[in-house]
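Have a look at start-v4.pdb; it's PDB, C-alpha atoms:
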ATOM      1  CA  MET A  49     171.916  47.078-136.753
ATOM      2  CA  LYS A  50     171.426  50.384-134.925
ATOM      3  CA  LYS A  51     171.013  48.454-131.669
ATOM      4  CA  LEU A  52     174.307  46.643-132.317
ATOM      5  CA  MET A  53     176.062  49.938-133.100
ATOM      6  CA  THR A  54     174.640  51.506-129.936
ATOM      7  CA  LEU A  55     175.795  48.552-127.826
ATOM      8  CA  TRP A  56     179.274  48.764-129.392
ATOM      9  CA  MET A  57     179.508  52.496-128.579
ATOM     10  CA  VAL A  58     178.455  51.831-124.971
ATOM     11  CA  LEU A  59     181.176  49.208-124.627
ATOM     12  CA  LEU A  60     183.814  51.556-126.062
ATOM     13  CA  LEU A  61     182.776  54.336-123.684
ATOM     14  CA  SER A  62     182.865  51.949-120.733
ATOM     15  CA  MET A  63     186.400  50.887-121.637
ATOM     16  CA  ALA A  64     187.471  54.522-121.843
ATOM     17  CA  VAL A  65     185.939  55.325-118.447
ATOM     18  CA  PHE A  66     187.531  52.374-116.684
ATOM     19  CA  ALA A  67     190.966  52.634-118.341
ATOM     20  CA  PRO A  68     192.424  54.969-115.640
ATOM     21  CA  SER A  69     191.347  52.524-112.908
ATOM     22  CA  VAL A  70     193.160  49.685-114.638
ATOM     23  CA  GLN A  71     196.229  51.917-114.945
ATOM     24  CA  ALA A  72     196.079  52.772-111.223
ATOM     25  CA  ALA A  73     195.901  49.112-110.263
ATOM     26  CA  GLU A  74     199.017  48.204-112.251
ATOM     27  CA  ASP A  75     201.397  45.850-110.466
ATOM     28  CA  HIS A  76     203.513  48.116-108.249
ATOM     29  CA  LEU A  77     206.541  45.838-108.404
ATOM     30  CA  SER A  78     206.743  46.490-112.147
ATOM     31  CA  LYS A  79     206.649  50.248-111.532
ATOM     32  CA  ILE A  80     209.513  50.026-109.031
ATOM     33  CA  LYS A  81     211.650  48.030-111.442
ATOM     34  CA  GLU A  82     210.814  50.430-114.244
ATOM     35  CA  LYS A  83     211.977  53.479-112.292
ATOM     36  CA  GLY A  84     214.953  51.559-110.850
ATOM     37  CA  THR A  85     214.437  52.805-107.283
ATOM     38  CA  LEU A  86     212.771  51.481-104.133
ATOM     39  CA  VAL A  87     211.601  54.504-102.124
ATOM     40  CA  VAL A  88     211.458  53.688 -98.417
ATOM     41  CA  GLY A  89     210.144  55.879 -95.608
ATOM     42  CA  THR A  90     211.804  55.722 -92.180
ATOM     43  CA  SER A  91     212.213  57.696 -88.956
ATOM     44  CA  PRO A  92     215.916  57.317 -88.068
ATOM     45  CA  ASP A  93     215.632  57.863 -84.315
ATOM     46  CA  PHE A  94     214.846  54.309 -83.232
ATOM     47  CA  PRO A  95     218.066  52.372 -82.492
ATOM     48  CA  PRO A  96     218.955  49.651 -83.246
ATOM     49  CA  ARG A  97     216.325  49.529 -86.022
ATOM     50  CA  GLU A  98     217.190  52.869 -87.706
ATOM     51  CA  PHE A  99     219.481  55.635 -86.483
ATOM     52  CA  TYR A 100     222.209  58.043 -87.552
ATOM     53  CA  ILE A 101     225.951  57.558 -87.193
ATOM     54  CA  ILE A 102     228.986  59.483 -88.395
ATOM     55  CA  ASN A 103     230.747  57.028 -90.697
ATOM     56  CA  ASP A 104     234.472  56.611 -91.402
ATOM     57  CA  LYS A 105     234.252  59.336 -94.043
ATOM     58  CA  GLY A 106     232.927  61.798 -91.485
ATOM     59  CA  GLU A 107     229.498  61.752 -93.119
ATOM     60  CA  LYS A 108     226.108  61.364 -91.468
ATOM     61  CA  GLU A 109     224.659  57.976 -92.415
ATOM     62  CA  ILE A 110     221.451  56.097 -91.601
ATOM     63  CA  VAL A 111     222.095  52.545 -90.402
ATOM     64  CA  GLY A 112     220.330  49.840 -88.394
ATOM     65  CA  SER A 113     218.792  46.403 -88.796
ATOM     66  CA  ASP A 114     215.724  47.815 -90.593
ATOM     67  CA  ILE A 115     217.964  49.650 -93.046
ATOM     68  CA  THR A 116     219.983  46.506 -93.735
ATOM     69  CA  LEU A 117     216.736  44.653 -94.414
ATOM     70  CA  ALA A 118     215.577  47.416 -96.776
ATOM     71  CA  LYS A 119     218.912  47.185 -98.631
ATOM     72  CA  ALA A 120     218.481  43.412 -98.964
ATOM     73  CA  ILE A 121     215.003  43.903-100.463
ATOM     74  CA  ALA A 122     216.281  46.531-102.938
ATOM     75  CA  GLU A 123     219.138  44.225-103.913
ATOM     76  CA  LYS A 124     216.714  41.355-104.481
ATOM     77  CA  LEU A 125     214.636  43.631-106.726
ATOM     78  CA  GLY A 126     217.740  44.799-108.585
ATOM     79  CA  VAL A 127     217.090  48.482-107.854
ATOM     80  CA  LYS A 128     218.629  51.326-105.856
ATOM     81  CA  LEU A 129     217.431  52.150-102.340
ATOM     82  CA  GLU A 130     216.219  55.698-101.652
ATOM     83  CA  LEU A 131     215.415  56.660 -98.054
ATOM     84  CA  VAL A 132     212.834  59.321 -97.229
ATOM     85  CA  THR A 133     213.307  60.496 -93.635
ATOM     86  CA  THR A 134     210.582  62.100 -91.489
ATOM     87  CA  ASP A 135     209.330  61.747 -87.946
ATOM     88  CA  PHE A 136     207.280  58.627 -87.200
ATOM     89  CA  ASN A 137     203.926  60.252 -87.971
ATOM     90  CA  GLY A 138     205.372  61.386 -91.294
ATOM     91  CA  VAL A 139     206.319  57.829 -92.222
ATOM     92  CA  ILE A 140     202.742  56.687 -91.652
ATOM     93  CA  ALA A 141     201.389  59.635 -93.668
ATOM     94  CA  ASN A 142     203.760  58.915 -96.556
ATOM     95  CA  ILE A 143     202.646  55.284 -96.667
ATOM     96  CA  GLN A 144     198.973  56.262 -96.668
ATOM     97  CA  THR A 145     199.427  58.755 -99.510
ATOM     98  CA  GLY A 146     201.693  56.474-101.552
ATOM     99  CA  THR A 147     204.577  58.953-101.425
ATOM    100  CA  VAL A 148     206.844  55.993-100.625
ATOM    101  CA  ASP A 149     206.840  52.417-101.909
ATOM    102  CA  MET A 150     207.056  51.076 -98.377
ATOM    103  CA  GLY A 151     207.799  52.171 -94.812
ATOM    104  CA  ILE A 152     210.183  50.424 -92.436
ATOM    105  CA  SER A 153     210.443  52.030 -89.023
ATOM    106  CA  GLY A 154     209.953  49.490 -86.267
ATOM    107  CA  PHE A 155     206.242  49.147 -87.097
ATOM    108  CA  SER A 156     204.086  46.902 -84.948
ATOM    109  CA  TRP A 157     200.722  45.595 -86.078
ATOM    110  CA  THR A 158     197.569  47.417 -85.057
ATOM    111  CA  GLN A 159     194.097  47.175 -86.547
ATOM    112  CA  ALA A 160     194.083  50.920 -87.232
ATOM    113  CA  ARG A 161     197.288  50.611 -89.257
ATOM    114  CA  GLU A 162     196.066  47.556 -91.118
ATOM    115  CA  ASP A 163     193.024  49.572 -92.197
ATOM    116  CA  VAL A 164     195.260  52.043 -94.067
ATOM    117  CA  MET A 165     198.259  49.963 -95.168
ATOM    118  CA  ASP A 166     199.291  46.486 -96.268
ATOM    119  CA  PHE A 167     201.736  44.548 -94.081
ATOM    120  CA  SER A 168     204.591  42.142 -94.681
ATOM    121  CA  ILE A 169     205.054  39.103 -92.476
ATOM    122  CA  GLY A 170     206.709  39.782 -89.107
ATOM    123  CA  TYR A 171     210.477  39.955 -89.115
ATOM    124  CA  SER A 172     211.599  40.891 -85.607
ATOM    125  CA  GLN A 173     210.346  39.808 -82.209
ATOM    126  CA  GLU A 174     210.349  42.365 -79.382
ATOM    127  CA  THR A 175     210.163  39.866 -76.508
ATOM    128  CA  GLY A 176     212.374  38.424 -73.805
ATOM    129  CA  ASP A 177     216.056  39.123 -74.375
ATOM    130  CA  ASN A 178     215.171  41.313 -77.374
ATOM    131  CA  GLY A 179     213.263  43.768 -75.202
ATOM    132  CA  TYR A 180     209.696  44.651 -74.248
ATOM    133  CA  GLN A 181     207.313  47.593 -74.108
ATOM    134  CA  GLY A 182     208.348  49.301 -70.883
ATOM    135  CA  LEU A 183     208.938  52.501 -68.970
ATOM    136  CA  LEU A 184     211.986  54.712 -68.803
ATOM    137  CA  VAL A 185     212.125  56.873 -65.650
ATOM    138  CA  SER A 186     214.572  58.695 -63.436
ATOM    139  CA  LYS A 187     216.266  56.588 -60.788
ATOM    140  CA  GLU A 188     214.507  58.674 -58.136
ATOM    141  CA  THR A 189     211.095  57.909 -59.657
ATOM    142  CA  ALA A 190     211.968  54.202 -59.911
ATOM    143  CA  LYS A 191     212.322  54.003 -56.106
ATOM    144  CA  LYS A 192     208.696  55.066 -55.603
ATOM    145  CA  PHE A 193     206.916  52.194 -57.382
ATOM    146  CA  LYS A 194     206.948  48.423 -56.990
ATOM    147  CA  THR A 195     204.047  47.566 -59.328
ATOM    148  CA  LEU A 196     202.486  48.884 -62.510
ATOM    149  CA  ASP A 197     199.169  49.457 -60.726
ATOM    150  CA  GLU A 198     200.906  51.760 -58.227
ATOM    151  CA  LEU A 199     202.427  53.736 -61.081
ATOM    152  CA  LYS A 200     199.099  54.016 -62.896
ATOM    153  CA  ARG A 201     197.373  55.340 -59.777
ATOM    154  CA  ALA A 202     199.997  58.086 -59.516
ATOM    155  CA  ASN A 203     198.913  59.541 -62.905
ATOM    156  CA  LEU A 204     202.413  60.566 -63.886
ATOM    157  CA  THR A 205     203.176  62.883 -66.774
ATOM    158  CA  ILE A 206     204.317  60.391 -69.408
ATOM    159  CA  GLY A 207     205.928  61.057 -72.776
ATOM    160  CA  ALA A 208     205.928  58.986 -75.951
ATOM    161  CA  GLN A 209     206.647  59.341 -79.651
ATOM    162  CA  GLY A 210     203.627  60.531 -81.618
ATOM    163  CA  GLY A 211     201.851  57.916 -83.737
ATOM    164  CA  SER A 212     203.683  55.040 -82.070
ATOM    165  CA  ILE A 213     202.542  51.957 -80.175
ATOM    166  CA  GLN A 214     204.258  53.514 -77.180
ATOM    167  CA  TYR A 215     201.917  56.515 -77.385
ATOM    168  CA  GLU A 216     198.881  54.211 -77.274
ATOM    169  CA  LEU A 217     200.324  52.366 -74.276
ATOM    170  CA  ALA A 218     201.060  55.660 -72.494
ATOM    171  CA  MET A 219     197.353  56.518 -72.737
ATOM    172  CA  GLN A 220     196.675  53.380 -70.689
ATOM    173  CA  ALA A 221     199.362  54.096 -68.082
ATOM    174  CA  THR A 222     198.102  57.532 -66.972
ATOM    175  CA  LYS A 223     195.341  60.050 -67.628
ATOM    176  CA  PRO A 224     195.159  60.896 -71.356
ATOM    177  CA  THR A 225     195.615  64.563 -70.458
ATOM    178  CA  ASN A 226     198.937  63.655 -68.813
ATOM    179  CA  VAL A 227     200.425  62.154 -71.978
ATOM    180  CA  LYS A 228     202.892  64.342 -73.880
ATOM    181  CA  GLN A 229     203.627  63.647 -77.534
ATOM    182  CA  TYR A 230     207.096  64.067 -79.032
ATOM    183  CA  GLY A 231     208.176  63.932 -82.651
ATOM    184  CA  THR A 232     211.287  61.858 -81.967
ATOM    185  CA  LEU A 233     212.577  59.437 -79.373
ATOM    186  CA  ASP A 234     215.552  61.721 -78.722
ATOM    187  CA  ALA A 235     213.348  64.706 -77.887
ATOM    188  CA  ALA A 236     211.329  62.691 -75.379
ATOM    189  CA  VAL A 237     214.458  61.333 -73.666
ATOM    190  CA  LEU A 238     215.887  64.842 -73.314
ATOM    191  CA  ALA A 239     212.565  66.013 -71.826
ATOM    192  CA  LEU A 240     212.637  63.149 -69.330
ATOM    193  CA  ASN A 241     216.228  63.840 -68.364
ATOM    194  CA  ALA A 242     215.382  67.525 -67.855
ATOM    195  CA  GLY A 243     212.410  66.658 -65.627
ATOM    196  CA  ASP A 244     209.751  67.976 -68.024
ATOM    197  CA  ILE A 245     208.040  64.573 -67.883
ATOM    198  CA  GLN A 246     208.152  61.866 -65.196
ATOM    199  CA  ALA A 247     208.264  58.748 -67.363
ATOM    200  CA  MET A 248     208.470  57.650 -70.966
ATOM    201  CA  VAL A 249     207.006  54.593 -72.680
ATOM    202  CA  VAL A 250     209.672  52.901 -74.793
ATOM    203  CA  SER A 251     210.592  49.822 -76.715
ATOM    204  CA  THR A 252     213.368  48.825 -74.341
ATOM    205  CA  SER A 253     215.657  47.500 -77.082
ATOM    206  CA  SER A 254     215.768  51.060 -78.427
ATOM    207  CA  ALA A 255     216.069  52.682 -75.017
ATOM    208  CA  GLU A 256     218.952  50.552 -73.715
ATOM    209  CA  PRO A 257     221.664  52.407 -75.695
ATOM    210  CA  VAL A 258     220.188  55.709 -74.482
ATOM    211  CA  VAL A 259     220.213  54.678 -70.818
ATOM    212  CA  SER A 260     223.967  54.178 -70.931
ATOM    213  CA  ALA A 261     224.397  57.844 -71.862
ATOM    214  CA  PHE A 262     222.124  59.286 -69.133
ATOM    215  CA  ASP A 263     223.213  58.437 -65.598
ATOM    216  CA  LYS A 264     219.964  59.664 -64.042
ATOM    217  CA  LEU A 265     217.696  57.360 -66.090
ATOM    218  CA  THR A 266     216.773  53.701 -65.741
ATOM    219  CA  LEU A 267     214.333  51.148 -67.175
ATOM    220  CA  LEU A 268     211.727  49.712 -64.838
ATOM    221  CA  PRO A 269     212.013  45.901 -64.602
ATOM    222  CA  ARG A 270     210.063  43.788 -67.053
ATOM    223  CA  GLU A 271     208.718  41.455 -64.354
ATOM    224  CA  ALA A 272     206.518  44.177 -62.883
ATOM    225  CA  PHE A 273     206.280  46.817 -65.601
ATOM    226  CA  ASP A 274     205.784  45.062 -68.957
ATOM    227  CA  LEU A 275     203.111  47.098 -70.773
ATOM    228  CA  ASP A 276     202.492  44.382 -73.374
ATOM    229  CA  PRO A 277     202.600  41.075 -71.448
ATOM    230  CA  GLU A 278     200.643  39.259 -74.165
ATOM    231  CA  ASN A 279     203.160  40.354 -76.838
ATOM    232  CA  LYS A 280     200.375  41.896 -78.899
ATOM    233  CA  TYR A 281     202.824  44.423 -80.348
ATOM    234  CA  ALA A 282     205.909  42.213 -80.388
ATOM    235  CA  LYS A 283     206.415  41.693 -84.116
ATOM    236  CA  ASN A 284     207.774  44.325 -86.450
ATOM    237  CA  VAL A 285     206.355  44.525 -89.985
ATOM    238  CA  ILE A 286     206.900  46.525 -93.169
ATOM    239  CA  GLY A 287     204.030  48.784 -94.269
ATOM    240  CA  LEU A 288     202.936  49.416 -97.878
ATOM    241  CA  PRO A 289     200.313  51.791 -99.368
ATOM    242  CA  LYS A 290     196.911  50.124 -99.724
ATOM    243  CA  ASN A 291     196.138  52.040-102.920
ATOM    244  CA  HIS A 292     198.788  50.011-104.800
ATOM    245  CA  ASP A 293     198.670  46.482-106.184
ATOM    246  CA  ASN A 294     201.230  45.057-103.755
ATOM    247  CA  GLU A 295     200.762  41.323-104.261
ATOM    248  CA  ALA A 296     203.944  40.681-106.273
ATOM    249  CA  LEU A 297     206.018  43.140-104.221
ATOM    250  CA  LEU A 298     204.887  41.626-100.927
ATOM    251  CA  LYS A 299     205.806  38.182-102.202
ATOM    252  CA  VAL A 300     209.402  39.309-102.775
ATOM    253  CA  ILE A 301     209.580  41.174 -99.458
ATOM    254  CA  ASN A 302     208.281  38.166 -97.536
ATOM    255  CA  GLU A 303     210.732  35.860 -99.314
ATOM    256  CA  VAL A 304     213.644  38.119 -98.294
ATOM    257  CA  ILE A 305     212.405  38.162 -94.687
ATOM    258  CA  GLU A 306     211.897  34.396 -94.534
ATOM    259  CA  THR A 307     215.344  33.721 -96.004
ATOM    260  CA  ALA A 308     217.047  36.192 -93.643
ATOM    261  CA  ILE A 309     215.394  34.576 -90.619
ATOM    262  CA  LYS A 310     216.099  31.028 -91.773
ATOM    263  CA  ASP A 311     219.759  31.723 -92.586
ATOM    264  CA  GLY A 312     220.351  33.571 -89.318
ATOM    265  CA  MET A 313     221.083  36.839 -91.115
ATOM    266  CA  MET A 314     218.267  38.711 -89.362
ATOM    267  CA  GLU A 315     219.708  37.827 -85.969
ATOM    268  CA  LYS A 316     223.176  38.855 -87.180
ATOM    269  CA  TRP A 317     221.902  42.202 -88.524
ATOM    270  CA  GLU A 318     220.164  42.945 -85.232
ATOM    271  CA  ALA A 319     223.223  42.056 -83.124
ATOM    272  CA  GLU A 320     225.473  44.231 -85.295
ATOM    273  CA  ALA A 321     223.021  47.138 -85.195
ATOM    274  CA  LYS A 322     222.670  46.888 -81.403
ATOM    275  CA  ALA A 323     226.463  47.005 -80.946
ATOM    276  CA  LEU A 324     226.744  49.916 -83.376
ATOM    277  CA  SER A 325     223.947  51.894 -81.695
ATOM    278  CA  THR A 326     225.579  51.514 -78.283
ATOM    279  CA  LYS A 327     228.896  52.686 -79.702
ATOM    280  CA  ALA A 328     227.211  55.621 -81.446
ATOM    281  CA  VAL A 329     225.606  56.833 -78.196
ATOM    282  CA  GLU A 330     228.894  56.464 -76.294
ATOM    283  CA  ASN A 331     230.678  58.601 -78.881
ATOM    284  CA  GLU A 332     228.180  61.457 -78.761
TER
END
Could you express the structure from this file as structure tokens?
Amino acid sequence: MKKLMTLWMVLLLSMAVFAPSVQAAEDHLSKIKEKGTLVVGTSPDFPPREFYIINDKGEKEIVGSDITLAKAIAEKLGVKLELVTTDFNGVIANIQTGTVDMGISGFSWTQAREDVMDFSIGYSQETGDNGYQGLLVSKETAKKFKTLDELKRANLTIGAQGGSIQYELAMQATKPTNVKQYGTLDAAVLALNAGDIQAMVVSTSSAEPVVSAFDKLTLLPREAFDLDPENKYAKNVIGLPKNHDNEALLKVINEVIETAIKDGMMEKWEAEAKALSTKAVENE
């Protein structure tokens, strides 16, 4: 009898010890619905995915195809959308720490990111007419190079947004000591226009609206200067904290993405955001 009582006490103690772990692993979708808010991290300096405009009310507003997708996910969940804005590195940090429910900021897949966050299916393709991973330079610099190998041998001072795919690609396009990190896309473009750097690695779909506002700058042609010819970083994904039980939430997110692609809404959102981003730059 004493042995049975001892065994029973051990079981009770074990349950008490492991109870917090069970609590921590609770389905995160249920938590979001319970609080009534989907908290989303983003870096709104990446048109046409996420960027600021001054709306008809004269207020500063975050818009873009990523933001429209986030709104569609929140609507599907039946909750309000709350945006947490930081620079790109901050978005990644907030996902890792679980400060946000998910991050949507033009993310591309990398193994390093997959090690620290869960990913949705891909929802946007950065290839062909939709852009590529390329180089933004002054028109004077553009005249000096005909191939990517020539540019690499020149070891230019190249800028890129910190924590981004573009930063990793910049490290391959020049000496690592010649790469300058910027918190935002805007800051890097201004540095390039001022001559503080000689080139900038960009997602060209985001750089195109900027080019129209800076007469001295141009994109090097894709045929000779595509930094991701195998489209390794072509697809955008949504990132979620790995320390959450995301299975049910990811199922809903992926369903929204699949439906938006199938119905042509994703293409529509991207076209509208591209037109709006160009207009926003022209009005600045």
Practice task
Give me, please, the distance in Å between atom CA of A:His292 and atom CA of A:Thr116, quoted to one decimal.
Solution key: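 Spanning atom CA of A:His292 to atom CA of A:Thr116 is a straight-line distance of 24.2 Å.
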Give one line per residue of stretch 66-114 of chain A that approaches stretch 277-288 of chain A to at most 12 Å, naming the two atoms of the closest pair and their distance in Å to one decimal, counting all atoms listed in the file; sort by chain then ascending residue number and deliver it as a Markdown table.
| residue | atom | partner | partner_atom | distance |
| --- | --- | --- | --- | --- |
| A:His76 | CA | A:Leu288 | CA | 10.5 |
| A:Leu77 | CA | A:Leu288 | CA | 11.7 |
| A:Leu86 | CA | A:Leu288 | CA | 11.8 |
| A:Val87 | CA | A:Leu288 | CA | 10.9 |
| A:Val88 | CA | A:Leu288 | CA | 9.5 |
| A:Gly89 | CA | A:Gly287 | CA | 9.5 |
| A:Thr90 | CA | A:Ile286 | CA | 10.5 |
| A:Arg97 | CA | A:Asn284 | CA | 10.0 |
| A:Ser113 | CA | A:Asn284 | CA | 11.5 |
| A:Asp114 | CA | A:Ile286 | CA | 9.3 |
Problem - Neighbour list for A:Trp317 as a ChimeraX atom specification, cut-off 9 Å, only C-alpha atoms, skip fewer than 3 positions in-chain - result: /A:112-114,116-117,312-314,320-322
Handout entry: Straight-line distance linking atom CA of A:Phe262 with atom CA of A:Ala239, stated in Å to one decimal
Key =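 These two atoms are separated by 12.0 Å.
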Practice task
Could you tell me which of A:Ser172, A:Ser212, A:Asn302, A:Thr195 comes closest to A:Ile140 if we count all atoms listed in the file?
Solution key: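 Once distances to A:Ile140 are computed over all atoms listed in the file, the minimum belongs to A:Ser212.
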Problem - Long-range neighbours of A:Val237 as a ChimeraX atom specification, 12 Å cut-off, only C-alpha atoms, 6 positions minimum in chain - result: /A:93-94,183-186,206-209,228-231,243-250,254-259,261-262,264-266
Handout entry: Spatial neighbours of A:Glu109, 10 Å, all atoms listed in the file, chain gap at least 3 places, as a PyMOL selection string
Key = chain A and resi 92+99-106
Expected selection from the PyMOL selection byres ((chain A and resi 297) around 12), given as a PDB file with C-alpha atoms, keeping the file's coordinate frame:
ATOM      1  CA  GLU A  74     199.017  48.204-112.251  1.00  0.00           C
ATOM      2  CA  ASP A  75     201.397  45.850-110.466  1.00  0.00           C
ATOM      3  CA  HIS A  76     203.513  48.116-108.249  1.00  0.00           C
ATOM      4  CA  LEU A  77     206.541  45.838-108.404  1.00  0.00           C
ATOM      5  CA  SER A  78     206.743  46.490-112.147  1.00  0.00           C
ATOM      6  CA  LYS A  79     206.649  50.248-111.532  1.00  0.00           C
ATOM      7  CA  ILE A  80     209.513  50.026-109.031  1.00  0.00           C
ATOM      8  CA  LYS A  81     211.650  48.030-111.442  1.00  0.00           C
ATOM      9  CA  LEU A  86     212.771  51.481-104.133  1.00  0.00           C
ATOM     10  CA  ILE A 121     215.003  43.903-100.463  1.00  0.00           C
ATOM     11  CA  ALA A 122     216.281  46.531-102.938  1.00  0.00           C
ATOM     12  CA  LYS A 124     216.714  41.355-104.481  1.00  0.00           C
ATOM     13  CA  LEU A 125     214.636  43.631-106.726  1.00  0.00           C
ATOM     14  CA  ASP A 149     206.840  52.417-101.909  1.00  0.00           C
ATOM     15  CA  MET A 150     207.056  51.076 -98.377  1.00  0.00           C
ATOM     16  CA  ASP A 166     199.291  46.486 -96.268  1.00  0.00           C
ATOM     17  CA  PHE A 167     201.736  44.548 -94.081  1.00  0.00           C
ATOM     18  CA  SER A 168     204.591  42.142 -94.681  1.00  0.00           C
ATOM     19  CA  ILE A 286     206.900  46.525 -93.169  1.00  0.00           C
ATOM     20  CA  GLY A 287     204.030  48.784 -94.269  1.00  0.00           C
ATOM     21  CA  LEU A 288     202.936  49.416 -97.878  1.00  0.00           C
ATOM     22  CA  PRO A 289     200.313  51.791 -99.368  1.00  0.00           C
ATOM     23  CA  HIS A 292     198.788  50.011-104.800  1.00  0.00           C
ATOM     24  CA  ASP A 293     198.670  46.482-106.184  1.00  0.00           C
ATOM     25  CA  ASN A 294     201.230  45.057-103.755  1.00  0.00           C
ATOM     26  CA  GLU A 295     200.762  41.323-104.261  1.00  0.00           C
ATOM     27  CA  ALA A 296     203.944  40.681-106.273  1.00  0.00           C
ATOM     28  CA  LEU A 298     204.887  41.626-100.927  1.00  0.00           C
ATOM     29  CA  LYS A 299     205.806  38.182-102.202  1.00  0.00           C
ATOM     30  CA  VAL A 300     209.402  39.309-102.775  1.00  0.00           C
ATOM     31  CA  ILE A 301     209.580  41.174 -99.458  1.00  0.00           C
ATOM     32  CA  ASN A 302     208.281  38.166 -97.536  1.00  0.00           C
ATOM     33  CA  GLU A 303     210.732  35.860 -99.314  1.00  0.00           C
ATOM     34  CA  VAL A 304     213.644  38.119 -98.294  1.00  0.00           C
TER      35      VAL A 304
END
Exercise for the section: Return the single residue from A:Leu196, A:Ala118, A:Leu129, A:Ala242 that is closest to A:Ser153, with distances computed using all atoms listed in the file. Expected result: A:Ala118
Problem - Atomic distance atom CA of A:Asn137 - atom CA of A:Ala235, expressed in Å with one decimal - result: 14.5 Å
As lines of an AutoDock Vina configuration file, please: the centre and edge lengths in Å, to one decimal, of an axis-aligned box enclosing every listed atom of stretch 201-212 of chain A with 6 Å added on each side.
center_x = 202.0
center_y = 59.0
center_z = -71.6
size_x = 21.3
size_y = 19.8
size_z = 36.2
